[in-house]
$ cat model18.txt   # compact mmCIF, C-alpha atoms
# COMPACT_ATOMS: atom_id res chain seq x y z
CA MET A 1 122.00 88.09 79.86
CA THR A 2 123.78 91.40 79.30
CA VAL A 3 123.98 93.72 82.31
CA SER A 4 124.08 97.46 81.69
CA ILE A 5 126.09 99.36 84.30
CA LEU A 6 125.19 103.05 84.47
CA MET A 7 127.93 105.35 85.74
CA PRO A 8 127.64 109.15 85.83
CA VAL A 9 130.91 110.88 86.66
CA LYS A 10 132.21 114.38 87.25
CA ASN A 11 135.86 115.09 88.05
CA GLY A 12 136.51 111.51 89.05
CA GLU A 13 140.23 111.26 88.24
CA LYS A 14 141.24 110.33 91.81
CA PHE A 15 139.37 107.03 91.95
CA ILE A 16 137.89 106.09 88.58
CA ASN A 17 140.86 103.88 87.64
CA GLU A 18 140.16 101.65 90.64
CA THR A 19 136.42 101.69 90.06
CA VAL A 20 136.54 100.69 86.40
CA SER A 21 139.20 98.07 87.14
CA SER A 22 136.88 96.48 89.73
CA ILE A 23 134.24 96.20 87.00
CA SER A 24 136.67 94.83 84.41
CA GLU A 25 137.66 92.10 86.86
CA GLN A 26 134.11 90.84 87.40
CA SER A 27 133.68 87.08 87.21
CA TYR A 28 130.54 87.66 85.11
CA SER A 29 131.67 88.88 81.70
CA ASP A 30 128.46 89.76 79.83
CA TRP A 31 128.19 93.41 80.81
CA GLU A 32 128.42 96.87 79.28
CA LEU A 33 129.65 99.92 81.18
CA ILE A 34 127.99 103.16 80.09
CA ILE A 35 129.89 106.15 81.48
CA VAL A 36 128.37 109.62 81.09
CA ASP A 37 130.75 112.44 81.90
CA ASP A 38 129.12 115.49 83.48
CA HIS A 39 131.48 118.09 81.98
CA SER A 40 134.57 117.17 84.00
CA THR A 41 137.42 119.68 84.18
CA ASP A 42 140.12 117.25 85.25
CA SER A 43 141.62 114.24 83.43
CA THR A 44 138.53 112.03 83.85
CA VAL A 45 137.69 111.95 80.12
CA ASP A 46 141.23 110.92 79.14
CA ILE A 47 141.24 108.12 81.71
CA ILE A 48 137.89 106.80 80.49
CA SER A 49 139.04 107.01 76.85
CA SER A 50 142.00 104.82 77.69
CA PHE A 51 139.71 102.15 79.17
CA CYS A 52 137.38 102.37 76.13
CA GLY A 53 140.34 101.71 73.85
CA GLU A 54 141.19 98.55 75.77
CA ASP A 55 137.69 97.11 76.27
CA SER A 56 134.81 97.46 73.80
CA ARG A 57 132.31 96.79 76.58
CA ILE A 58 133.08 100.27 77.99
CA ARG A 59 131.44 103.24 76.29
CA GLN A 60 131.81 106.95 77.03
CA TYR A 61 129.35 109.79 76.48
CA THR A 62 129.03 113.45 77.43
CA ASN A 63 126.05 114.54 79.51
CA PRO A 64 123.62 116.39 77.22
CA GLY A 65 122.40 118.28 80.27
CA GLN A 66 123.83 119.26 83.64
CA GLY A 67 123.92 117.11 86.77
CA ILE A 68 123.44 113.49 87.71
CA LEU A 69 119.76 113.17 86.71
CA PRO A 70 120.16 113.92 82.98
CA ALA A 71 123.39 111.91 83.03
CA LEU A 72 121.56 108.85 84.36
CA GLU A 73 118.64 109.30 81.97
CA TYR A 74 121.01 109.49 79.02
CA ALA A 75 122.98 106.46 80.21
CA LEU A 76 119.77 104.46 80.42
CA SER A 77 118.77 105.55 76.90
CA GLN A 78 122.01 103.96 75.64
CA ALA A 79 121.59 100.71 77.58
CA ASN A 80 121.13 97.41 75.74
CA GLY A 81 121.11 95.00 78.68
CA SER A 82 118.27 92.91 80.05
CA TYR A 83 119.31 93.99 83.55
CA VAL A 84 120.50 97.37 84.78
CA THR A 85 122.69 98.25 87.73
CA ARG A 86 124.38 101.42 88.98
CA MET A 87 127.87 102.35 89.99
CA ASP A 88 129.55 105.54 91.19
CA ALA A 89 133.01 106.46 89.98
CA ASP A 90 134.63 106.33 93.42
CA ASP A 91 133.37 102.97 94.73
CA LEU A 92 134.39 99.36 94.20
CA MET A 93 132.62 96.15 93.19
CA PRO A 94 133.57 92.83 94.78
CA LYS A 95 134.65 90.47 92.01
CA ASP A 96 131.47 88.37 92.17
CA ARG A 97 128.90 91.15 92.50
CA ILE A 98 127.40 91.02 88.99
CA GLN A 99 127.26 87.23 89.02
CA LEU A 100 125.55 87.19 92.41
CA MET A 101 122.99 89.79 91.36
CA VAL A 102 122.21 88.11 88.04
CA ASN A 103 121.75 84.76 89.78
CA ALA A 104 119.41 86.39 92.29
CA ILE A 105 117.24 88.46 89.98
CA SER A 106 116.86 85.68 87.39
CA SER A 107 115.18 83.52 90.03
CA GLN A 108 112.92 86.29 91.36
CA PRO A 109 109.49 87.41 90.06
CA THR A 110 108.95 90.65 88.20
CA LYS A 111 108.95 93.88 90.21
CA THR A 112 111.99 92.79 92.20
CA ILE A 113 114.98 94.91 93.19
CA VAL A 114 118.12 92.99 94.06
CA THR A 115 120.56 94.56 96.50
CA GLY A 116 123.27 93.38 98.88
CA LEU A 117 125.27 94.48 101.86
CA ILE A 118 127.59 97.50 101.92
CA ARG A 119 130.90 98.21 103.55
CA TYR A 120 132.37 101.67 103.91
CA PHE A 121 136.09 102.15 103.39
CA GLY A 122 138.50 105.07 103.15
CA LEU A 123 141.17 106.84 105.13
CA LYS A 124 138.72 107.55 107.92
CA VAL A 125 135.11 106.41 108.20
CA SER A 126 133.09 108.30 110.81
CA ASP A 127 131.02 106.67 113.52
CA GLY A 128 127.93 108.07 111.79
CA TYR A 129 128.67 106.25 108.56
CA ARG A 130 129.47 103.05 110.45
CA ALA A 131 126.09 103.34 112.19
CA TYR A 132 124.37 103.81 108.82
CA GLU A 133 126.24 100.79 107.43
CA GLU A 134 125.03 98.66 110.33
CA TRP A 135 121.46 99.95 110.00
CA ILE A 136 121.07 99.50 106.23
CA ASN A 137 122.62 96.04 106.29
CA ASP A 138 120.38 94.99 109.17
CA ILE A 139 117.11 96.14 107.60
CA ASN A 140 117.99 94.53 104.28
CA LEU A 141 118.92 91.21 105.87
CA GLN A 142 115.64 91.25 107.81
CA ASN A 143 113.58 92.41 104.80
CA ARG A 144 112.28 95.44 106.72
CA GLN A 145 113.05 98.05 104.05
CA TRP A 146 109.56 99.44 103.53
CA THR A 147 108.79 99.79 107.23
CA GLN A 148 111.91 101.97 107.54
CA VAL A 149 111.61 103.90 104.28
CA TYR A 150 111.02 107.30 105.93
CA ARG A 151 114.06 107.08 108.20
CA GLU A 152 116.84 106.89 105.60
CA CYS A 153 117.36 105.72 102.03
CA VAL A 154 116.99 101.95 102.39
CA ILE A 155 118.93 100.93 99.25
CA ALA A 156 122.43 102.25 98.55
CA SER A 157 122.36 104.14 95.24
CA PRO A 158 125.22 102.19 93.55
CA ASN A 159 124.07 98.81 94.89
CA TRP A 160 121.01 97.47 93.10
CA MET A 161 119.92 95.55 89.99
CA ILE A 162 116.59 95.70 88.18
CA ARG A 163 115.08 94.45 84.92
CA ARG A 164 115.62 97.02 82.19
CA GLU A 165 111.93 97.39 81.31
CA GLU A 166 111.02 98.07 84.96
CA LEU A 167 113.41 100.98 85.53
CA ASP A 168 111.87 104.44 85.24
CA LEU A 169 114.15 107.42 85.77
CA ASN A 170 111.75 110.04 84.40
CA GLN A 171 110.56 112.87 86.62
CA LEU A 172 112.85 112.04 89.53
CA GLN A 173 113.82 114.88 91.85
CA TYR A 174 116.86 115.33 94.07
CA PRO A 175 118.05 113.45 96.04
CA GLU A 176 117.44 111.12 93.11
CA ASP A 177 118.53 107.89 94.81
CA TYR A 178 115.94 108.35 97.59
CA ASP A 179 113.25 109.44 95.11
CA LEU A 180 113.88 106.29 93.04
CA VAL A 181 113.44 104.15 96.15
CA PHE A 182 110.12 105.90 96.85
CA ASP A 183 109.06 105.14 93.28
CA TRP A 184 109.72 101.43 93.89
CA TYR A 185 107.91 101.65 97.24
CA GLN A 186 104.86 103.27 95.64
CA LYS A 187 104.77 100.64 92.87
CA GLY A 188 104.98 97.72 95.30
CA PHE A 189 108.38 96.32 94.35
CA HIS A 190 109.85 93.47 96.35
CA ILE A 191 113.44 93.80 97.57
CA HIS A 192 115.69 90.76 97.61
CA CYS A 193 118.93 91.10 99.57
CA ILE A 194 122.02 89.02 98.87
CA PRO A 195 123.62 88.29 102.27
CA LYS A 196 127.09 89.28 101.07
CA VAL A 197 128.91 92.59 100.55
CA THR A 198 128.19 93.75 97.00
CA LEU A 199 129.44 97.33 97.34
CA TYR A 200 132.53 98.85 98.85
CA TRP A 201 131.37 102.42 99.44
CA ARG A 202 134.24 104.87 99.56
CA GLU A 203 134.10 107.63 102.16
CA HIS A 204 136.10 110.75 101.27
CA PRO A 205 135.67 114.52 101.71
CA ASP A 206 134.91 115.19 98.02
CA ARG A 207 131.84 112.96 97.81
CA THR A 208 128.88 114.64 96.11
CA SER A 209 126.63 113.81 99.04
CA ARG A 210 128.92 115.81 101.31
CA ASN A 211 129.17 118.91 99.12
CA ASN A 212 125.98 119.32 97.11
CA SER A 213 122.93 120.99 98.70
CA ASN A 214 120.67 118.49 96.89
CA TYR A 215 121.88 115.83 99.34
CA GLN A 216 121.76 117.71 102.62
CA GLN A 217 119.38 116.89 105.47
CA ARG A 218 116.83 119.56 104.57
CA ALA A 219 116.54 118.22 101.01
CA PHE A 220 116.06 114.68 102.33
CA PHE A 221 113.34 115.85 104.73
CA ASN A 222 111.51 117.86 102.10
CA LEU A 223 111.39 114.77 99.89
CA LYS A 224 110.43 112.18 102.48
CA ILE A 225 107.76 114.23 104.27
CA GLN A 226 106.18 115.13 100.94
CA LYS A 227 106.21 111.44 100.01
CA PHE A 228 104.69 110.50 103.37
CA ILE A 229 101.87 112.99 102.84
CA GLU A 230 101.29 111.60 99.35
CA LEU A 231 101.64 107.87 100.03
CA ASP A 232 100.79 107.07 103.64
CA LEU A 233 99.08 109.91 105.53
CA GLN A 234 95.70 109.52 103.82
CA ASN A 235 92.92 110.45 106.28
CA GLY A 236 94.69 109.58 109.52
CA ASN A 237 95.25 111.87 112.48
CA LEU A 238 98.91 112.76 112.27
CA CYS A 239 101.06 112.76 115.38
CA LEU A 240 104.74 113.63 115.74
CA TRP A 241 106.94 112.26 118.50
CA GLY A 242 110.07 114.03 119.62
CA ASN A 243 111.55 117.49 119.99
CA ASN A 244 114.79 117.74 118.00
CA LEU A 245 116.12 118.92 114.63
CA LYS A 246 114.20 116.22 112.78
CA SER A 247 110.92 117.20 114.39
CA GLN A 248 111.59 120.90 113.75
CA LEU A 249 112.20 120.25 110.03
CA THR A 250 109.10 118.06 109.89
CA LYS A 251 106.93 120.67 111.63
CA HIS A 252 108.07 123.36 109.20
CA ILE A 253 107.10 121.25 106.19
CA LEU A 254 103.76 120.14 107.66
CA LYS A 255 102.83 123.72 108.51
CA SER A 256 103.79 124.92 105.02
CA GLU A 257 101.43 122.26 103.60
CA ASN A 258 98.66 123.15 106.09
CA ILE A 259 98.72 119.61 107.48
CA PRO A 260 97.30 119.48 111.04
CA PHE A 261 99.22 117.41 113.57
CA ARG A 262 99.78 116.87 117.28
CA GLN A 263 103.21 116.73 118.86
CA PHE A 264 104.31 114.64 121.85
CA ASP A 265 107.67 114.14 123.51
CA LEU A 266 108.97 110.96 125.05
CA THR A 267 107.78 111.91 128.52
CA ASN A 268 104.10 111.79 127.58
CA TYR A 269 103.88 109.50 124.58
CA GLN A 270 101.31 107.29 126.35
CA SER A 271 98.73 110.01 125.68
CA LEU A 272 98.76 108.76 122.08
CA THR A 273 96.11 106.23 123.14
CA ALA A 274 93.53 109.02 123.09
CA VAL A 275 94.07 109.61 119.35
CA LYS A 276 91.87 107.66 116.93
CA ASP A 277 93.04 106.52 113.47
CA VAL A 278 96.55 107.64 114.25
CA LYS A 279 99.40 108.02 111.78
CA LEU A 280 102.57 108.48 113.81
CA LEU A 281 105.99 109.81 112.82
CA VAL A 282 108.69 109.04 115.40
CA ALA A 283 111.39 111.68 115.00
CA VAL A 284 113.68 110.21 117.66
CA TRP A 285 116.00 107.21 117.62
CA PRO A 286 116.51 106.48 121.32
CA ASP A 287 118.81 103.89 122.87
CA PRO A 288 117.90 100.22 122.24
CA ALA A 289 116.18 99.73 125.62
CA GLN A 290 113.96 102.78 125.11
CA ARG A 291 113.22 101.78 121.50
CA LYS A 292 112.13 98.34 122.70
CA LYS A 293 109.84 99.92 125.28
CA ILE A 294 108.29 102.32 122.77
CA GLU A 295 107.80 99.65 120.13
CA ALA A 296 106.19 97.31 122.67
CA PHE A 297 103.78 100.09 123.68
CA LEU A 298 102.80 100.67 120.05
CA HIS A 299 102.37 96.96 119.38
CA GLU A 300 100.24 96.51 122.50
CA ASN A 301 97.97 99.28 121.23
CA GLY A 302 97.49 97.60 117.85
CA LEU A 303 99.73 99.98 115.91
CA GLU A 304 101.73 98.32 113.13
CA GLN A 305 105.07 99.68 111.92
CA GLY A 306 104.89 100.62 108.25
CA ARG A 307 101.11 100.96 108.42
CA HIS A 308 100.32 103.12 111.45
CA TRP A 309 103.76 104.43 112.47
CA TRP A 310 107.21 105.11 111.04
CA TYR A 311 110.63 106.24 112.27
CA LEU A 312 112.01 109.42 110.75

$ encode --input "model18.txt" --output "structure tokens"
Amino acid sequence: MTVSILMPVKNGEKFINETVSSISEQSYSDWELIIVDDHSTDSTVDIISSFCGEDSRIRQYTNPGQGILPALEYALSQANGSYVTRMDADDLMPKDRIQLMVNAISSQPTKTIVTGLIRYFGLKVSDGYRAYEEWINDINLQNRQWTQVYRECVIASPNWMIRREELDLNQLQYPEDYDLVFDWYQKGFHIHCIPKVTLYWREHPDRTSRNNSNYQQRAFFNLKIQKFIELDLQNGNLCLWGNNLKSQLTKHILKSENIPFRQFDLTNYQSLTAVKDVKLLVAVWPDPAQRKKIEAFLHENGLEQGRHWWYL
């Protein structure tokens, strides 16, 4: 089965040699790499052209629009594979990634997303990124992605595989990787995690997620709170736990949408028992002992994570 690898790129000359080489060295050989250049002003196009001349499986296009969304849509329109995966131009694939993902998805039912573990690398990886690495790997290994979907993006954007006919990139909004995950969540996709590292995620100061306003915390909160209102709030009585930046951003969005809610802090969260048909957003991530205590309280009161309450 041919695998189509979609790769948008803009000014990727620093790392794209390593990235494409990691794809060329895959143990699984039936793939096509579709690179869409988003109007680079460095030597990216020349580097890609050199690879295209050496390997007919690599094809290069120019983005007919501007930005990563039209680049991805155009890449998908050129794809011929039965399966589709993503890659960014600054990351690396372990040599067996495509083989592992093909083996996994071919044995899974329809409406399955295959992912794997991630590992950050670079000159310096912050404690925050290491914490995210630990968190995303843990929830994927334990198959708890959908219960955690409002906390962070639960699938790394360059680290999934899907059947070609099941991938819909139309009408996504920024941040597009998170919006795509919400699309899968809404449609009831199953996530299958390979218990091996399938993405080496490069941390560096020029990453798009560090420098583009579409990927900043406010953009993430606007997306996920709107999705919560659409997908999970329904007719419940909304409560918000915590008093921090997350809760402030959430309050602003809820008020702008005229959504009524009650707010509690961690000193009086037991008063939640007086609220009927509760839908709870927990805007804090306390230490493990406090989390265990809070989660036990919610469980004892018949509140199920992913149905009645969610971490932000």

$ residues_around --input "model18.txt" --residues "segment 69-72 of chain A" --least-positions-apart "5" --cutoff "6 Å" --atoms "all atoms listed in the file" --output "list in words"
Pro8, Val36 and Asn63 of chain A

$ atom_distance --input "model18.txt" --atom1 "atom CA of Leu100 of chain A" --atom2 "atom CA of Ile23 of chain A"
13.6 Å

$ residues_around --input "model18.txt" --residues "segment 215-224 of chain A" --least-positions-apart "6" --cutoff "8 Å" --atoms "only C-alpha atoms" --output "PDB file with C-alpha atoms, in the frame of the given file"
ATOM      1  CA  TYR A 150     111.020 107.300 105.930  1.00  0.00           C
ATOM      2  CA  TYR A 174     116.860 115.330  94.070  1.00  0.00           C
ATOM      3  CA  PRO A 175     118.050 113.450  96.040  1.00  0.00           C
ATOM      4  CA  TYR A 178     115.940 108.350  97.590  1.00  0.00           C
ATOM      5  CA  ASP A 179     113.250 109.440  95.110  1.00  0.00           C
ATOM      6  CA  THR A 208     128.880 114.640  96.110  1.00  0.00           C
ATOM      7  CA  SER A 209     126.630 113.810  99.040  1.00  0.00           C
ATOM      8  CA  LEU A 249     112.200 120.250 110.030  1.00  0.00           C
ATOM      9  CA  THR A 250     109.100 118.060 109.890  1.00  0.00           C
ATOM     10  CA  ILE A 253     107.100 121.250 106.190  1.00  0.00           C
TER      11      ILE A 253
END

$ closest_residue --input "model18.txt" --among "A:Asp88, A:Glu165, A:Asp138, A:Glu25" --to "Asp177 of chain A" --atoms "all atoms listed in the file"
A:Asp88

$ closest_residue --input "model18.txt" --among "A:Met93, A:Leu245, A:Leu172, A:Cys193" --to "Gln108 of chain A" --atoms "all atoms listed in the file"
A:Cys193

$ atom_distance --input "model18.txt" --atom1 "atom CA of Gln305 of chain A" --atom2 "atom CA of Gln148 of chain A"
8.4 Å

$ closest_residue --input "model18.txt" --among "A:Cys52, A:Leu303, A:Leu92, A:Met161" --to "Lys111 of chain A" --atoms "all atoms listed in the file"
A:Met161

$ atom_distance --input "model18.txt" --atom1 "atom CA of Leu199 of chain A" --atom2 "atom CA of Asn17 of chain A"
16.4 Å

$ residues_around --input "model18.txt" --residues "Leu231 of chain A" --least-positions-apart "6" --cutoff "10 Å" --atoms "only C-alpha atoms" --output "NGL selection string"
:A and (182 or 185-186 or 225)

$ closest_residue --input "model18.txt" --among "A:Gln248, A:Ser50, A:Thr267, A:Thr110" --to "Ile16 of chain A" --atoms "only C-alpha atoms"
A:Ser50

$ closest_residue --input "model18.txt" --among "A:Trp285, A:Val102, A:Ser21, A:Gly65" --to "Thr2 of chain A" --atoms "all atoms listed in the file"
A:Val102

$ residues_around --input "model18.txt" --residues "segment 128-137 of chain A" --least-positions-apart "2" --cutoff "10 Å" --atoms "all atoms listed in the file" --output "list in words"
Gly116, Leu117, Ile118, Arg119, Tyr120, Phe121, Val125, Ser126, Ile139, Asn140, Leu141, Gln142, Asn143, Arg144, Gln145, Gln148, Glu152, Cys153, Val154, Ile155, Ala156, Cys193, Pro195, Lys196, Val197, Trp201 and Glu203 of chain A

$ write_last_selection --input "model18.txt" --atoms "C-alpha atoms" --output "CSV table (one decimal), in the frame of the given file"
chain,number,residue,atom,x,y,z
A,116,GLY,CA,123.3,93.4,98.9
A,117,LEU,CA,125.3,94.5,101.9
A,118,ILE,CA,127.6,97.5,101.9
A,119,ARG,CA,130.9,98.2,103.6
A,120,TYR,CA,132.4,101.7,103.9
A,121,PHE,CA,136.1,102.2,103.4
A,125,VAL,CA,135.1,106.4,108.2
A,126,SER,CA,133.1,108.3,110.8
A,139,ILE,CA,117.1,96.1,107.6
A,140,ASN,CA,118.0,94.5,104.3
A,141,LEU,CA,118.9,91.2,105.9
A,142,GLN,CA,115.6,91.2,107.8
A,143,ASN,CA,113.6,92.4,104.8
A,144,ARG,CA,112.3,95.4,106.7
A,145,GLN,CA,113.0,98.0,104.0
A,148,GLN,CA,111.9,102.0,107.5
A,152,GLU,CA,116.8,106.9,105.6
A,153,CYS,CA,117.4,105.7,102.0
A,154,VAL,CA,117.0,102.0,102.4
A,155,ILE,CA,118.9,100.9,99.2
A,156,ALA,CA,122.4,102.2,98.6
A,193,CYS,CA,118.9,91.1,99.6
A,195,PRO,CA,123.6,88.3,102.3
A,196,LYS,CA,127.1,89.3,101.1
A,197,VAL,CA,128.9,92.6,100.6
A,201,TRP,CA,131.4,102.4,99.4
A,203,GLU,CA,134.1,107.6,102.2

$ closest_residue --input "model18.txt" --among "A:Tyr61, A:Trp309, A:Trp31, A:Trp184" --to "Ser82 of chain A" --atoms "all atoms listed in the file"
A:Trp31

$ residues_around --input "model18.txt" --residues "Arg262 of chain A" --least-positions-apart "4" --cutoff "8 Å" --atoms "all atoms listed in the file" --output "MDAnalysis selection string"
chainID A and resid 238:240

$ residues_near_point --input "model18.txt" --point "(126.1, 108.0, 78.3)" --cutoff "6 Å" --atoms "only C-alpha atoms" --output "PDB file with C-alpha atoms, in the coordinates of the input"
ATOM      1  CA  ILE A  34     127.990 103.160  80.090  1.00  0.00           C
ATOM      2  CA  ILE A  35     129.890 106.150  81.480  1.00  0.00           C
ATOM      3  CA  VAL A  36     128.370 109.620  81.090  1.00  0.00           C
ATOM      4  CA  GLN A  60     131.810 106.950  77.030  1.00  0.00           C
ATOM      5  CA  TYR A  61     129.350 109.790  76.480  1.00  0.00           C
ATOM      6  CA  TYR A  74     121.010 109.490  79.020  1.00  0.00           C
ATOM      7  CA  ALA A  75     122.980 106.460  80.210  1.00  0.00           C
TER       8      ALA A  75
END

$ residues_near_point --input "model18.txt" --point "(113.0, 97.5, 80.9)" --cutoff "9 Å" --atoms "all atoms listed in the file" --output "PyMOL selection string"
chain A and resi 81-84+162-168
